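To be precise, the following lines are start_14.cif, and they hold mmCIF, C-alpha atoms and all ligand atoms.
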```cif
data_upload
loop_
_atom_site.label_atom_id
_atom_site.label_comp_id
_atom_site.auth_asym_id
_atom_site.auth_seq_id
_atom_site.Cartn_x
_atom_site.Cartn_y
_atom_site.Cartn_z
CA MET D 1019 31.52 20.64 -2.01
CA GLU D 1020 31.64 22.58 1.25
CA SER D 1021 28.13 21.59 2.30
CA ILE D 1022 24.86 20.50 0.77
CA SER D 1023 21.82 22.71 1.26
CA VAL D 1024 18.39 21.26 1.66
CA GLY D 1025 15.03 23.02 1.48
CA LEU D 1026 12.21 21.36 3.40
CA LEU D 1027 8.63 21.68 2.17
CA GLY D 1028 6.68 20.89 5.34
CA LEU D 1029 7.68 20.60 8.97
CA GLY D 1030 4.97 18.31 10.34
CA THR D 1031 5.41 14.79 11.70
CA VAL D 1032 7.78 13.57 8.97
CA GLY D 1033 9.51 16.95 8.45
CA SER D 1034 10.41 17.17 12.16
CA GLY D 1035 11.73 13.61 11.99
CA VAL D 1036 13.93 14.58 9.01
CA VAL D 1037 15.43 17.48 10.99
CA LYS D 1038 16.13 15.15 13.93
CA VAL D 1039 17.70 12.38 11.82
CA ILE D 1040 19.92 14.84 9.92
CA GLU D 1041 21.11 16.40 13.19
CA SER D 1042 21.61 13.23 15.15
CA HIS D 1043 23.27 11.27 12.31
CA GLN D 1044 25.43 14.11 10.96
CA ASP D 1045 28.65 12.11 11.55
CA LYS D 1046 27.41 9.18 9.54
CA LEU D 1047 26.16 11.48 6.77
CA MET D 1048 29.55 13.27 6.69
CA HIS D 1049 31.30 9.93 6.41
CA GLN D 1050 29.14 8.86 3.47
CA ILE D 1051 29.04 12.07 1.47
CA GLY D 1052 32.15 13.92 2.61
CA CYS D 1053 30.53 17.22 3.65
CA PRO D 1054 27.91 18.47 6.11
CA VAL D 1055 24.18 18.55 5.27
CA LYS D 1056 22.46 21.80 6.13
CA ILE D 1057 18.74 22.58 6.19
CA LYS D 1058 18.73 26.07 4.70
CA LYS D 1059 15.00 26.79 4.74
CA ALA D 1060 11.77 25.12 5.73
CA LEU D 1061 8.30 25.94 4.43
CA VAL D 1062 5.68 26.05 7.20
CA LYS D 1063 2.10 27.24 7.57
CA GLU D 1064 2.81 29.15 10.78
CA ILE D 1065 6.18 30.52 11.92
CA ASN D 1066 5.64 30.78 15.67
CA LYS D 1067 4.01 27.44 16.36
CA VAL D 1068 5.25 25.21 19.20
CA ARG D 1069 7.06 22.27 17.55
CA ASP D 1070 8.54 19.06 18.88
CA VAL D 1071 11.88 19.84 17.23
CA ASP D 1072 14.43 22.57 17.94
CA ILE D 1073 14.77 24.69 14.86
CA ASP D 1074 16.06 28.22 14.29
CA THR D 1075 12.90 30.16 13.37
CA SER D 1076 14.92 32.44 11.06
CA ILE D 1077 15.06 29.60 8.50
CA LEU D 1078 11.28 29.16 8.48
CA THR D 1079 9.32 30.69 5.63
CA LEU D 1080 5.70 30.95 4.50
CA ASP D 1081 6.71 31.48 0.88
CA PRO D 1082 7.50 28.32 -1.15
CA GLU D 1083 9.43 30.36 -3.74
CA GLU D 1084 12.07 31.18 -1.15
CA ILE D 1085 12.97 27.50 -1.44
CA LEU D 1086 12.00 26.62 -5.00
CA LEU D 1087 13.89 29.55 -6.55
CA ASP D 1088 16.85 29.75 -4.16
CA PRO D 1089 19.95 29.00 -6.28
CA GLU D 1090 21.86 27.83 -3.21
CA ILE D 1091 19.42 25.03 -2.42
CA ASP D 1092 20.52 21.75 -4.03
CA ILE D 1093 17.79 19.38 -2.86
CA VAL D 1094 14.11 19.91 -2.06
CA VAL D 1095 12.59 17.51 0.45
CA GLU D 1096 8.81 17.41 0.09
CA VAL D 1097 6.95 16.21 3.16
CA MET D 1098 3.91 18.50 3.01
CA GLY D 1099 1.39 16.12 1.37
CA ASN D 1100 -1.38 17.19 -1.04
CA ILE D 1101 -1.37 16.55 -4.75
CA GLU D 1102 -2.04 19.38 -7.21
CA GLU D 1103 -0.37 22.34 -5.49
CA THR D 1104 2.57 20.19 -4.44
CA LYS D 1105 3.01 18.92 -7.99
CA GLU D 1106 3.37 22.53 -9.20
CA HIS D 1107 5.99 23.17 -6.49
CA LEU D 1108 7.98 20.14 -7.58
CA ILE D 1109 7.80 21.08 -11.27
CA LYS D 1110 9.13 24.53 -10.37
CA ALA D 1111 11.91 23.02 -8.25
CA ILE D 1112 12.94 20.59 -11.00
CA THR D 1113 12.97 23.26 -13.68
CA HIS D 1114 15.26 25.22 -11.34
CA LYS D 1115 17.59 22.21 -11.27
CA LYS D 1116 16.83 20.95 -7.79
CA HIS D 1117 16.83 17.28 -6.90
CA ILE D 1118 13.71 16.03 -5.16
CA VAL D 1119 13.10 13.67 -2.30
CA THR D 1120 9.43 13.11 -1.52
CA ALA D 1121 7.38 10.99 0.87
CA ASN D 1122 4.18 11.73 -1.04
CA LYS D 1123 2.49 8.50 -2.22
CA ASP D 1124 -0.70 10.30 -3.25
CA LEU D 1125 1.31 12.45 -5.66
CA MET D 1126 3.64 9.69 -6.91
CA ALA D 1127 0.79 7.21 -7.54
CA VAL D 1128 -0.85 9.70 -9.89
CA TYR D 1129 1.93 11.88 -11.34
CA GLY D 1130 5.01 9.71 -10.72
CA PRO D 1131 5.84 8.88 -14.37
CA GLU D 1132 5.37 12.51 -15.48
CA LEU D 1133 7.54 13.94 -12.69
CA LEU D 1134 10.23 11.28 -13.15
CA THR D 1135 10.47 12.07 -16.86
CA LEU D 1136 10.72 15.78 -16.15
CA ALA D 1137 13.38 15.18 -13.51
CA SER D 1138 15.44 13.02 -15.82
CA GLU D 1139 15.18 15.65 -18.61
CA HIS D 1140 16.70 18.16 -16.20
CA GLN D 1141 19.39 15.75 -14.91
CA CYS D 1142 17.71 15.77 -11.51
CA ASP D 1143 17.08 12.88 -9.14
CA LEU D 1144 13.58 12.24 -7.84
CA PHE D 1145 13.56 9.65 -5.06
CA TYR D 1146 10.49 8.54 -3.11
CA GLU D 1147 11.41 5.62 -0.84
CA ALA D 1148 9.31 6.97 2.04
CA SER D 1149 6.13 6.97 -0.03
CA VAL D 1150 5.58 3.21 0.42
CA ALA D 1151 5.71 1.43 3.77
CA GLY D 1152 7.47 4.25 5.71
CA GLY D 1153 10.71 2.98 7.19
CA ILE D 1154 10.92 -0.26 5.15
CA PRO D 1155 13.43 0.12 2.30
CA ILE D 1156 11.15 -1.71 -0.10
CA LEU D 1157 11.57 0.45 -3.22
CA ARG D 1158 15.36 0.10 -3.13
CA GLY D 1159 14.84 -3.56 -2.25
CA LEU D 1160 12.88 -4.06 -5.48
CA VAL D 1161 14.91 -1.79 -7.77
CA ASP D 1162 18.43 -2.48 -6.49
CA GLY D 1163 18.32 -5.54 -4.22
CA LEU D 1164 16.30 -7.65 -6.66
CA ALA D 1165 17.58 -5.98 -9.84
CA SER D 1166 18.83 -9.31 -11.19
CA ASP D 1167 15.60 -11.25 -10.63
CA ARG D 1168 12.20 -11.43 -12.27
CA ILE D 1169 9.54 -10.58 -9.71
CA THR D 1170 6.28 -12.43 -10.27
CA LYS D 1171 4.31 -11.68 -7.13
CA MET D 1172 4.05 -9.02 -4.44
CA MET D 1173 1.65 -9.08 -1.53
CA GLY D 1174 1.66 -6.11 0.77
CA ILE D 1175 0.25 -5.10 4.10
CA VAL D 1176 0.96 -1.47 3.30
CA ASN D 1177 -1.51 0.37 5.50
CA GLY D 1178 -0.89 0.45 9.24
CA THR D 1179 -4.32 1.77 10.20
CA THR D 1180 -6.24 -1.10 8.62
CA ASN D 1181 -3.78 -3.68 9.90
CA PHE D 1182 -4.20 -2.28 13.41
CA ILE D 1183 -7.99 -2.40 13.07
CA LEU D 1184 -8.11 -5.97 11.71
CA THR D 1185 -5.60 -7.18 14.33
CA LYS D 1186 -7.64 -5.75 17.21
CA MET D 1187 -10.94 -6.99 15.75
CA THR D 1188 -9.47 -10.50 15.39
CA LYS D 1189 -7.68 -10.73 18.72
CA GLU D 1190 -10.03 -8.74 20.95
CA GLY D 1191 -13.37 -9.31 19.21
CA ARG D 1192 -13.94 -5.53 19.03
CA SER D 1193 -16.02 -3.72 16.41
CA PHE D 1194 -14.63 -1.83 13.42
CA ASP D 1195 -15.80 1.63 14.65
CA ASP D 1196 -14.40 1.13 18.13
CA VAL D 1197 -10.92 0.23 16.89
CA LEU D 1198 -10.90 2.96 14.21
CA SER D 1199 -11.33 5.62 16.92
CA GLU D 1200 -8.33 4.19 18.77
CA ALA D 1201 -6.20 4.21 15.56
CA GLN D 1202 -7.09 7.87 15.02
CA ALA D 1203 -6.23 8.76 18.60
CA LEU D 1204 -2.84 7.04 18.17
CA GLY D 1205 -2.18 9.17 15.10
CA PHE D 1206 -1.51 6.65 12.33
CA ALA D 1207 -4.80 7.01 10.46
CA GLU D 1208 -4.77 9.73 7.79
CA ALA D 1209 -6.61 12.99 8.66
CA ASP D 1210 -9.44 11.58 6.56
CA PRO D 1211 -9.47 7.86 7.45
CA ALA D 1212 -11.68 7.12 4.43
CA ALA D 1213 -8.53 6.66 2.32
CA ASP D 1214 -7.16 4.15 4.83
CA VAL D 1215 -10.25 2.05 5.49
CA GLY D 1216 -11.53 2.34 1.90
CA GLY D 1217 -8.28 0.87 0.57
CA LEU D 1218 -7.21 3.90 -1.49
CA ASP D 1219 -4.05 4.52 0.54
CA SER D 1220 -2.97 0.90 -0.05
CA ALA D 1221 -3.95 1.13 -3.73
CA ARG D 1222 -1.67 4.13 -4.22
CA LYS D 1223 1.21 2.21 -2.67
CA MET D 1224 0.48 -0.89 -4.76
CA ALA D 1225 0.45 1.21 -7.96
CA ILE D 1226 3.96 2.42 -7.04
CA LEU D 1227 5.19 -1.05 -6.01
CA SER D 1228 3.86 -2.83 -9.08
CA THR D 1229 5.19 -0.16 -11.45
CA LEU D 1230 8.68 -0.72 -10.04
CA GLY D 1231 8.46 -4.46 -9.40
CA PHE D 1232 7.01 -5.35 -12.82
CA SER D 1233 8.71 -2.50 -14.73
CA MET D 1234 5.50 -1.29 -16.36
CA ASN D 1235 3.44 1.82 -15.71
CA ILE D 1236 0.56 0.73 -13.47
CA ASP D 1237 -1.92 3.55 -12.90
CA LEU D 1238 -3.98 3.98 -9.78
CA ASP D 1239 -7.10 3.24 -11.88
CA ASP D 1240 -5.67 -0.18 -12.78
CA VAL D 1241 -5.84 -1.26 -9.13
CA LYS D 1242 -9.12 -2.93 -8.13
CA VAL D 1243 -9.96 -1.67 -4.65
CA LYS D 1244 -12.17 -2.91 -1.83
CA GLY D 1245 -11.74 -1.61 1.72
CA ILE D 1246 -12.47 -3.10 5.13
CA THR D 1247 -15.57 -1.12 6.15
CA GLU D 1248 -17.91 -4.09 5.61
CA VAL D 1249 -15.81 -6.62 7.53
CA THR D 1250 -17.62 -7.95 10.59
CA GLU D 1251 -16.49 -9.73 13.75
CA GLU D 1252 -18.46 -12.82 12.58
CA ASP D 1253 -16.48 -12.96 9.33
CA LEU D 1254 -13.26 -12.96 11.34
CA GLN D 1255 -14.52 -15.69 13.66
CA TYR D 1256 -15.51 -17.96 10.76
CA ALA D 1257 -12.16 -17.24 9.11
CA LYS D 1258 -10.41 -18.38 12.30
CA GLN D 1259 -12.47 -21.59 12.36
CA PHE D 1260 -11.22 -22.36 8.83
CA GLY D 1261 -7.62 -21.58 9.79
CA TYR D 1262 -7.36 -18.14 8.17
CA ILE D 1263 -6.38 -14.63 9.31
CA MET D 1264 -7.87 -11.58 7.61
CA LYS D 1265 -5.56 -8.86 6.30
CA LEU D 1266 -6.03 -5.98 3.87
CA ILE D 1267 -3.75 -7.29 1.13
CA GLY D 1268 -2.38 -5.43 -1.83
CA TYR D 1269 -1.94 -8.18 -4.39
CA ALA D 1270 0.16 -7.86 -7.54
CA HIS D 1271 0.69 -10.92 -9.71
CA ARG D 1272 2.36 -11.36 -13.07
CA GLU D 1273 1.95 -14.37 -15.35
CA GLY D 1274 3.92 -13.98 -18.54
CA ASN D 1275 3.62 -10.25 -19.02
CA ARG D 1276 -0.02 -10.03 -17.94
CA VAL D 1277 -0.65 -8.60 -14.50
CA GLU D 1278 -3.38 -8.06 -11.94
CA VAL D 1279 -3.17 -5.56 -9.11
CA SER D 1280 -5.79 -5.33 -6.37
CA VAL D 1281 -6.37 -4.31 -2.78
CA GLU D 1282 -8.98 -6.22 -0.83
CA PRO D 1283 -9.63 -7.82 2.56
CA THR D 1284 -8.15 -11.27 2.09
CA LEU D 1285 -8.15 -14.45 4.15
CA LEU D 1286 -4.60 -15.74 4.49
CA GLU D 1287 -3.63 -19.20 5.61
CA GLU D 1288 -2.27 -18.94 9.16
CA SER D 1289 1.06 -20.32 7.97
CA HIS D 1290 1.58 -17.51 5.43
CA PRO D 1291 4.41 -15.16 6.52
CA LEU D 1292 2.10 -12.14 6.26
CA SER D 1293 -0.37 -13.65 8.76
CA SER D 1294 1.95 -12.84 11.64
CA VAL D 1295 2.29 -9.14 10.73
CA ASN D 1296 0.21 -7.48 13.40
CA ASP D 1297 -0.92 -4.11 14.74
CA GLU D 1298 0.24 -1.08 12.76
CA TYR D 1299 3.23 -2.88 11.21
CA ASN D 1300 3.66 -3.17 7.45
CA ALA D 1301 5.24 -5.92 5.38
CA VAL D 1302 5.74 -6.66 1.72
CA TYR D 1303 6.11 -10.26 0.58
CA VAL D 1304 7.96 -10.49 -2.72
CA TYR D 1305 8.37 -13.60 -4.82
CA GLY D 1306 11.15 -13.64 -7.41
CA GLU D 1307 11.70 -16.48 -9.87
CA ALA D 1308 15.31 -16.99 -8.75
CA VAL D 1309 15.29 -15.81 -5.14
CA GLY D 1310 11.98 -17.42 -4.15
CA GLU D 1311 10.14 -15.98 -1.17
CA THR D 1312 11.33 -12.81 0.58
CA MET D 1313 9.60 -10.54 3.06
CA PHE D 1314 10.35 -6.95 4.06
CA TYR D 1315 8.91 -6.02 7.47
CA GLY D 1316 8.85 -2.88 9.62
CA PRO D 1317 7.13 0.34 10.63
CA GLY D 1318 5.02 1.75 7.80
CA ALA D 1319 4.56 5.20 9.27
CA GLY D 1320 5.73 7.45 12.10
CA SER D 1321 8.06 10.40 12.34
CA LEU D 1322 11.53 8.83 12.73
CA PRO D 1323 10.95 5.62 10.71
CA THR D 1324 9.63 7.58 7.72
CA ALA D 1325 12.40 10.15 8.15
CA THR D 1326 15.07 7.44 7.84
CA ALA D 1327 13.74 6.62 4.36
CA VAL D 1328 13.72 10.32 3.41
CA VAL D 1329 17.27 10.91 4.65
CA SER D 1330 18.54 7.72 2.98
CA ASP D 1331 17.15 9.12 -0.28
CA LEU D 1332 19.03 12.35 0.48
CA VAL D 1333 22.22 10.31 0.82
CA GLY D 1334 21.44 8.68 -2.55
CA VAL D 1335 21.07 12.09 -4.22
CA MET D 1336 24.26 13.38 -2.59
CA LYS D 1337 26.29 10.36 -3.68
CA ASN D 1338 25.03 10.91 -7.24
CA MET D 1339 26.01 14.59 -6.98
CA ARG D 1340 29.57 13.60 -6.13
CA LEU D 1341 29.66 11.18 -9.05
CA GLY D 1342 27.89 13.61 -11.40
CA VAL D 1343 25.23 11.05 -12.36
CA ASN D 1344 22.00 12.65 -11.12
CA GLY D 1345 18.86 11.91 -13.13
CA LYS D 1346 20.33 8.78 -14.65
CA SER D 1347 18.60 6.19 -12.44
CA ALA D 1348 15.05 6.89 -13.62
CA VAL D 1349 14.97 4.17 -16.27
CA SER D 1350 11.77 3.96 -18.27
CA PRO D 1351 9.61 0.82 -17.85
CA GLN D 1352 10.70 -2.26 -19.77
CA PHE D 1353 7.22 -3.58 -20.54
CA MET D 1354 3.95 -2.32 -21.99
CA LYS D 1355 1.14 -2.67 -19.48
CA GLN D 1356 -1.09 -5.71 -20.05
CA LEU D 1357 -3.81 -6.24 -17.47
CA LYS D 1358 -5.39 -9.65 -16.91
CA GLU D 1359 -9.10 -10.12 -17.62
CA ASP D 1360 -11.37 -11.60 -14.93
CA ASP D 1361 -11.23 -15.04 -16.59
CA GLU D 1362 -7.42 -15.07 -16.09
CA ILE D 1363 -7.53 -14.23 -12.37
CA TYR D 1364 -7.63 -17.37 -10.22
CA SER D 1365 -8.01 -17.70 -6.44
CA LYS D 1366 -9.98 -19.45 -3.74
CA HIS D 1367 -13.01 -17.60 -2.32
CA PHE D 1368 -14.71 -17.53 1.07
CA LEU D 1369 -18.49 -17.16 0.98
CA ARG D 1370 -21.19 -16.72 3.64
CA LEU D 1371 -24.82 -17.30 2.65
CA HIS D 1372 -28.08 -17.09 4.57
CA VAL D 1373 -30.47 -19.77 3.33
CA GLU D 1374 -33.79 -21.42 4.12
CA ASP D 1375 -33.06 -24.66 5.94
CA GLU D 1376 -35.07 -26.91 3.63
CA VAL D 1377 -34.63 -30.10 1.68
CA GLY D 1378 -32.67 -29.58 -1.51
CA VAL D 1379 -31.21 -26.11 -0.84
CA LEU D 1380 -27.62 -27.29 -0.40
CA SER D 1381 -27.88 -29.49 -3.47
CA SER D 1382 -29.20 -26.61 -5.63
CA ILE D 1383 -26.30 -24.43 -4.38
CA THR D 1384 -23.87 -27.21 -5.33
CA SER D 1385 -25.43 -27.36 -8.82
CA VAL D 1386 -24.81 -23.63 -9.34
CA PHE D 1387 -21.17 -24.16 -8.43
CA SER D 1388 -20.61 -27.19 -10.64
CA LYS D 1389 -22.42 -25.59 -13.59
CA ASN D 1390 -19.86 -22.77 -13.43
CA GLY D 1391 -16.83 -25.02 -13.01
CA ALA D 1392 -16.41 -24.22 -9.30
CA SER D 1393 -16.33 -26.51 -6.28
CA PHE D 1394 -16.05 -26.39 -2.47
CA GLU D 1395 -12.90 -27.11 -0.53
CA LYS D 1396 -14.46 -26.53 2.91
CA VAL D 1397 -18.06 -26.09 4.01
CA LEU D 1398 -20.01 -25.72 7.26
CA GLN D 1399 -23.63 -25.08 8.11
CA ASN D 1400 -24.91 -23.37 11.26
CA PRO D 1401 -28.57 -23.07 12.23
CA LEU D 1402 -29.59 -19.44 12.74
CA GLY D 1403 -31.73 -18.38 15.71
CA GLU D 1404 -34.79 -17.87 13.53
CA GLU D 1405 -36.92 -20.81 12.51
CA LYS D 1406 -35.84 -22.78 9.44
CA ARG D 1407 -32.94 -20.55 8.52
CA ALA D 1408 -29.31 -21.44 8.36
CA GLU D 1409 -25.97 -19.94 7.51
CA ILE D 1410 -23.71 -21.75 5.06
CA VAL D 1411 -20.03 -20.81 5.09
CA LEU D 1412 -17.72 -22.24 2.47
CA VAL D 1413 -14.37 -21.91 0.77
CA THR D 1414 -14.04 -22.76 -2.90
CA HIS D 1415 -11.20 -24.47 -4.70
CA LYS D 1416 -9.32 -22.13 -7.02
CA THR D 1417 -11.71 -20.66 -9.52
CA SER D 1418 -11.63 -17.79 -11.99
CA LEU D 1419 -12.96 -14.44 -10.83
CA GLU D 1420 -15.34 -14.43 -13.78
CA GLY D 1421 -16.70 -17.88 -12.84
CA PHE D 1422 -17.08 -16.89 -9.19
CA GLU D 1423 -18.95 -13.67 -10.12
CA ARG D 1424 -21.35 -15.79 -12.20
CA VAL D 1425 -21.88 -18.12 -9.21
CA LEU D 1426 -22.71 -15.13 -6.99
CA GLU D 1427 -25.14 -13.70 -9.52
CA GLU D 1428 -26.98 -17.02 -9.81
CA LEU D 1429 -26.97 -17.64 -6.05
CA ARG D 1430 -28.59 -14.24 -5.44
CA ASP D 1431 -31.55 -15.37 -7.61
CA LEU D 1432 -31.67 -18.95 -6.36
CA LYS D 1433 -34.79 -20.18 -4.56
CA GLY D 1434 -33.92 -20.90 -0.93
CA VAL D 1435 -31.00 -18.43 -0.77
CA GLN D 1436 -31.95 -15.34 1.21
CA PHE D 1437 -28.81 -13.31 0.69
CA VAL D 1438 -25.07 -13.41 0.24
CA LYS D 1439 -23.66 -12.08 3.50
CA SER D 1440 -19.99 -11.70 2.59
CA THR D 1441 -17.29 -12.91 0.21
CA TYR D 1442 -13.49 -12.62 0.44
CA ARG D 1443 -10.52 -13.70 -1.58
CA VAL D 1444 -8.46 -16.50 0.02
CA GLU D 1445 -4.67 -16.69 -0.46
CA GLY D 1446 -1.74 -18.71 0.82
CA GLY D 1447 -0.51 -22.22 0.47
CA ASP D 1448 1.31 -21.61 -2.81
CA ALA D 1449 3.85 -19.10 -4.11
N1 LIG Z 1501 -2.21 6.20 6.97
C1 LIG Z 1501 -1.07 5.47 6.56
C2 LIG Z 1501 -1.13 4.12 7.28
C3 LIG Z 1501 0.19 6.20 6.93
O1 LIG Z 1501 -2.03 3.91 8.12
O2 LIG Z 1501 -0.34 3.25 6.98
C4 LIG Z 1501 1.39 5.81 6.15
O3 LIG Z 1501 1.24 5.98 4.78
#
```
Is it possible to give me this structure as structure tokens?
Amino acid sequence: MESISVGLLGLGTVGSGVVKVIESHQDKLMHQIGCPVKIKKALVKEINKVRDVDIDTSILTLDPEEILLDPEIDIVVEVMGNIEETKEHLIKAITHKKHIVTANKDLMAVYGPELLTLASEHQCDLFYEASVAGGIPILRGLVDGLASDRITKMMGIVNGTTNFILTKMTKEGRSFDDVLSEAQALGFAEADPAADVGGLDSARKMAILSTLGFSMNIDLDDVKVKGITEVTEEDLQYAKQFGYIMKLIGYAHREGNRVEVSVEPTLLEESHPLSSVNDEYNAVYVYGEAVGETMFYGPGAGSLPTATAVVSDLVGVMKNMRLGVNGKSAVSPQFMKQLKEDDEIYSKHFLRLHVEDEVGVLSSITSVFSKNGASFEKVLQNPLGEEKRAEIVLVTHKTSLEGFERVLEELRDLKGVQFVKSTYRVEGGDA
């Protein structure tokens, strides 16, 4: 091959990073694939916009078909975002025999299996390392690095915006809204931060991670999602008192072949490796039966970090082109999906209750717990400013989700309990 031609769909933050990495690492790319890599065309929304990358404007186009139908383009790099329209572009590219590299988690979480099947039918590669945790090579870590092991648990801090917000709230005692504005100004929140703070962005990434890690098709709808919008500074302070740090954790656990996948604000023991992942950084903790505990850490977003993942995927496609094995790596899942029921999901729980400070209230709360097979590991009571009211904060021993939901339902109706202020899952301490 004299050179490999790439068509770029999108020239925003990640697209500009891809141009820079290809230019500045051309020697290394040449060494690995044996020929130069050339960006032949780039799809943009506006030709004459000021950009933070030097690019010959004659290769810019407003028409996607100039890329998707160009017989000289070997690989389409999709960094434009969006779901439905982009999916149609990729289908067109694949049916015109182009390999795909995408950073689009929204698309892959929903249409990944369909697009991978189509790509494999056309002997095309479809790689998407950049879609989860930006610059961290976690997908290759799971699929290649841990290919020989049986992964039983993954816990991910896979959204930089929420990690930044929770870190600042914990360390600086600031409010959720205040820190969210700063995250937006710094540019790592999505245009619509609802997907970040509501947990959907993490859920998309966990659907991708658990599909690969457990080798079964996990759909976005299989992921239980709770975001961080209700988290208060008081919750974080109580958590600290009990020796926990709050993180938005994507949790994927397999027992036998039954799995649970969720995203929720979680209290982690301070000694857990994920507790020290701060600010906008991402990390994925992976437990394999043979390897034990591993953790992948790094920048989860940003122009150059995300571009390294995209360009590494390009190298993967180009190596396959030289070997003539494109489209062969998309193996179908090994297992049928089996999701755990709530009575199979066990964890500790943190609970804050406002109660009337009267004789017998604590003992009737204890009865509700014991009736449902649950018990306390830690408990504290604080008088509230108002007369004869108190706050009870506790952490349960491990209990089933079903049992804990029953406890909550009964506590809400219990005489002496005014309301349940907050509840969170608690993790750590065991693999
Ligand atoms: N909004 C995402 C984050 C960007 O905050 O992590 C990377 O997917």
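For ligand LIG 1501 (chain Z), the protein and nucleic acid residues at most 7 Å away, judged by all atoms listed in the file, amount to Ser1149, Val1150, Ala1151, Gly1152, Val1176, Asn1177, Gly1178, Thr1179, Thr1180, Phe1206, Ala1207, Glu1208, Asp1214, Asp1219, Gly1318 and Ala1319 of chain D.
Among the candidates D:Tyr1305, D:Phe1145, D:Phe1368, D:Phe1182, the residue lying nearest to Tyr1269 in chain D is D:Tyr1305 (atoms considered: only C-alpha atoms).
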Could you give me, as a tab-separated table, every range 1311-1365 of chain D residue with an atom at most 10 Å from range 1114-1123 of chain D, plus its closest atom pair and distance in Å to one decimal, counting all atoms listed in the file, rows ordered by chain then number?
```
residue	atom	partner	partner_atom	distance
D:Thr1324	CA	D:Ala1121	CA	8.0
D:Ala1325	CA	D:Ala1121	CA	8.9
D:Ala1327	CA	D:Ala1121	CA	8.5
D:Val1328	CA	D:Val1119	CA	6.6
D:Val1329	CA	D:Val1119	CA	8.6
D:Ser1330	CA	D:Val1119	CA	9.6
D:Asp1331	CA	D:Val1119	CA	6.4
D:Leu1332	CA	D:Val1119	CA	6.7
D:Gly1334	CA	D:Val1119	CA	9.7
D:Val1335	CA	D:His1117	CA	7.2
D:Met1336	CA	D:His1117	CA	9.4
D:Met1339	CA	D:His1117	CA	9.6
D:Asn1344	CA	D:His1117	CA	8.1
D:Gly1345	CA	D:His1117	CA	8.5
```
task = Name the residues in contact with Gly1261 in chain D at a cut-off of 9 Å, using all atoms listed in the file, excluding same-chain residues fewer than 4 positions from it; report them as a VMD selection string.
result = chain D and resid 1256 to 1257 1286 to 1289
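Using only C-alpha atoms, the residues found no farther than 10 Å from range 1371-1382 of chain D, other than those of its own chain fewer than 3 positions away, are D:Ser1385, D:Val1386, D:Phe1387, D:Ser1388, D:Gln1399, D:Asn1400, D:Pro1401, D:Leu1402, D:Glu1405, D:Lys1406, D:Arg1407, D:Ala1408, D:Glu1409, D:Ile1410, D:Val1411, D:Leu1412, D:Leu1429, D:Arg1430, D:Leu1432, D:Lys1433, D:Gly1434, D:Val1435, D:Gln1436, D:Phe1437, D:Val1438, D:Lys1439, D:Ser1440, D:Thr1441.
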Which neighbours of Gly1033 in chain D fall inside 9 Å, counting only C-alpha atoms, when residues of the same chain fewer than 3 positions from it are skipped, and could you give them as a PDB file with C-alpha atoms, keeping the file's coordinate frame?
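Written output follows (out-v7.pdb):
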```pdb
ATOM      1  CA  LEU D1026      12.210  21.360   3.400  1.00  0.00           C
ATOM      2  CA  LEU D1027       8.630  21.680   2.170  1.00  0.00           C
ATOM      3  CA  GLY D1028       6.680  20.890   5.340  1.00  0.00           C
ATOM      4  CA  LEU D1029       7.680  20.600   8.970  1.00  0.00           C
ATOM      5  CA  GLY D1030       4.970  18.310  10.340  1.00  0.00           C
ATOM      6  CA  VAL D1036      13.930  14.580   9.010  1.00  0.00           C
ATOM      7  CA  VAL D1037      15.430  17.480  10.990  1.00  0.00           C
ATOM      8  CA  LYS D1038      16.130  15.150  13.930  1.00  0.00           C
ATOM      9  CA  ALA D1060      11.770  25.120   5.730  1.00  0.00           C
ATOM     10  CA  VAL D1095      12.590  17.510   0.450  1.00  0.00           C
ATOM     11  CA  GLU D1096       8.810  17.410   0.090  1.00  0.00           C
ATOM     12  CA  VAL D1097       6.950  16.210   3.160  1.00  0.00           C
ATOM     13  CA  MET D1098       3.910  18.500   3.010  1.00  0.00           C
ATOM     14  CA  SER D1321       8.060  10.400  12.340  1.00  0.00           C
ATOM     15  CA  ALA D1325      12.400  10.150   8.150  1.00  0.00           C
TER      16      ALA D1325
END
```
All file atoms of range 1118-1127 of chain D boxed axis-aligned, 4 Å per side, centre plus edges, as AutoDock Vina command-line options:
```
--center_x 6.5 --center_y 11.6 --center_z -3.3 --size_x 22.4 --size_y 16.8 --size_z 16.4
```
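Of the listed residues (D:Ala1270, D:Ala1225, D:Pro1155, D:Asn1338), D:Asn1338 comes nearest to Gln1050 in chain D; the distances count all atoms listed in the file.
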ask   = Got a sec: who's within 12 Å of Ser1294 in chain D, counting only C-alpha atoms, leaving out chain neighbours fewer than 2 positions off, as a VMD selection string?
value = chain D and resid 1175 1181 1185 1262 to 1265 1286 to 1292 1296 to 1301 1313 1315
key: Separation of CA of Gly1268 in chain D from CA of Val1215 in chain D in Å   = 13.1 Å
request  = Select all residues near (10.3, -12.5, -10.3) (cut-off 9 Å, inclusive, file coordinates), counting all atoms listed in the file, and output them as JSON, numbers by chain.
outcome  = {"D": [1164, 1167, 1168, 1169, 1170, 1171, 1231, 1232, 1272, 1304, 1305, 1306, 1307, 1308, 1309, 1310]}
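Shortest separation to His1367 in chain D among D:Gly1099, D:Gly1446, D:Pro1317, D:Gly1163 occurs at residue D:Gly1446, atoms counted being all atoms listed in the file.
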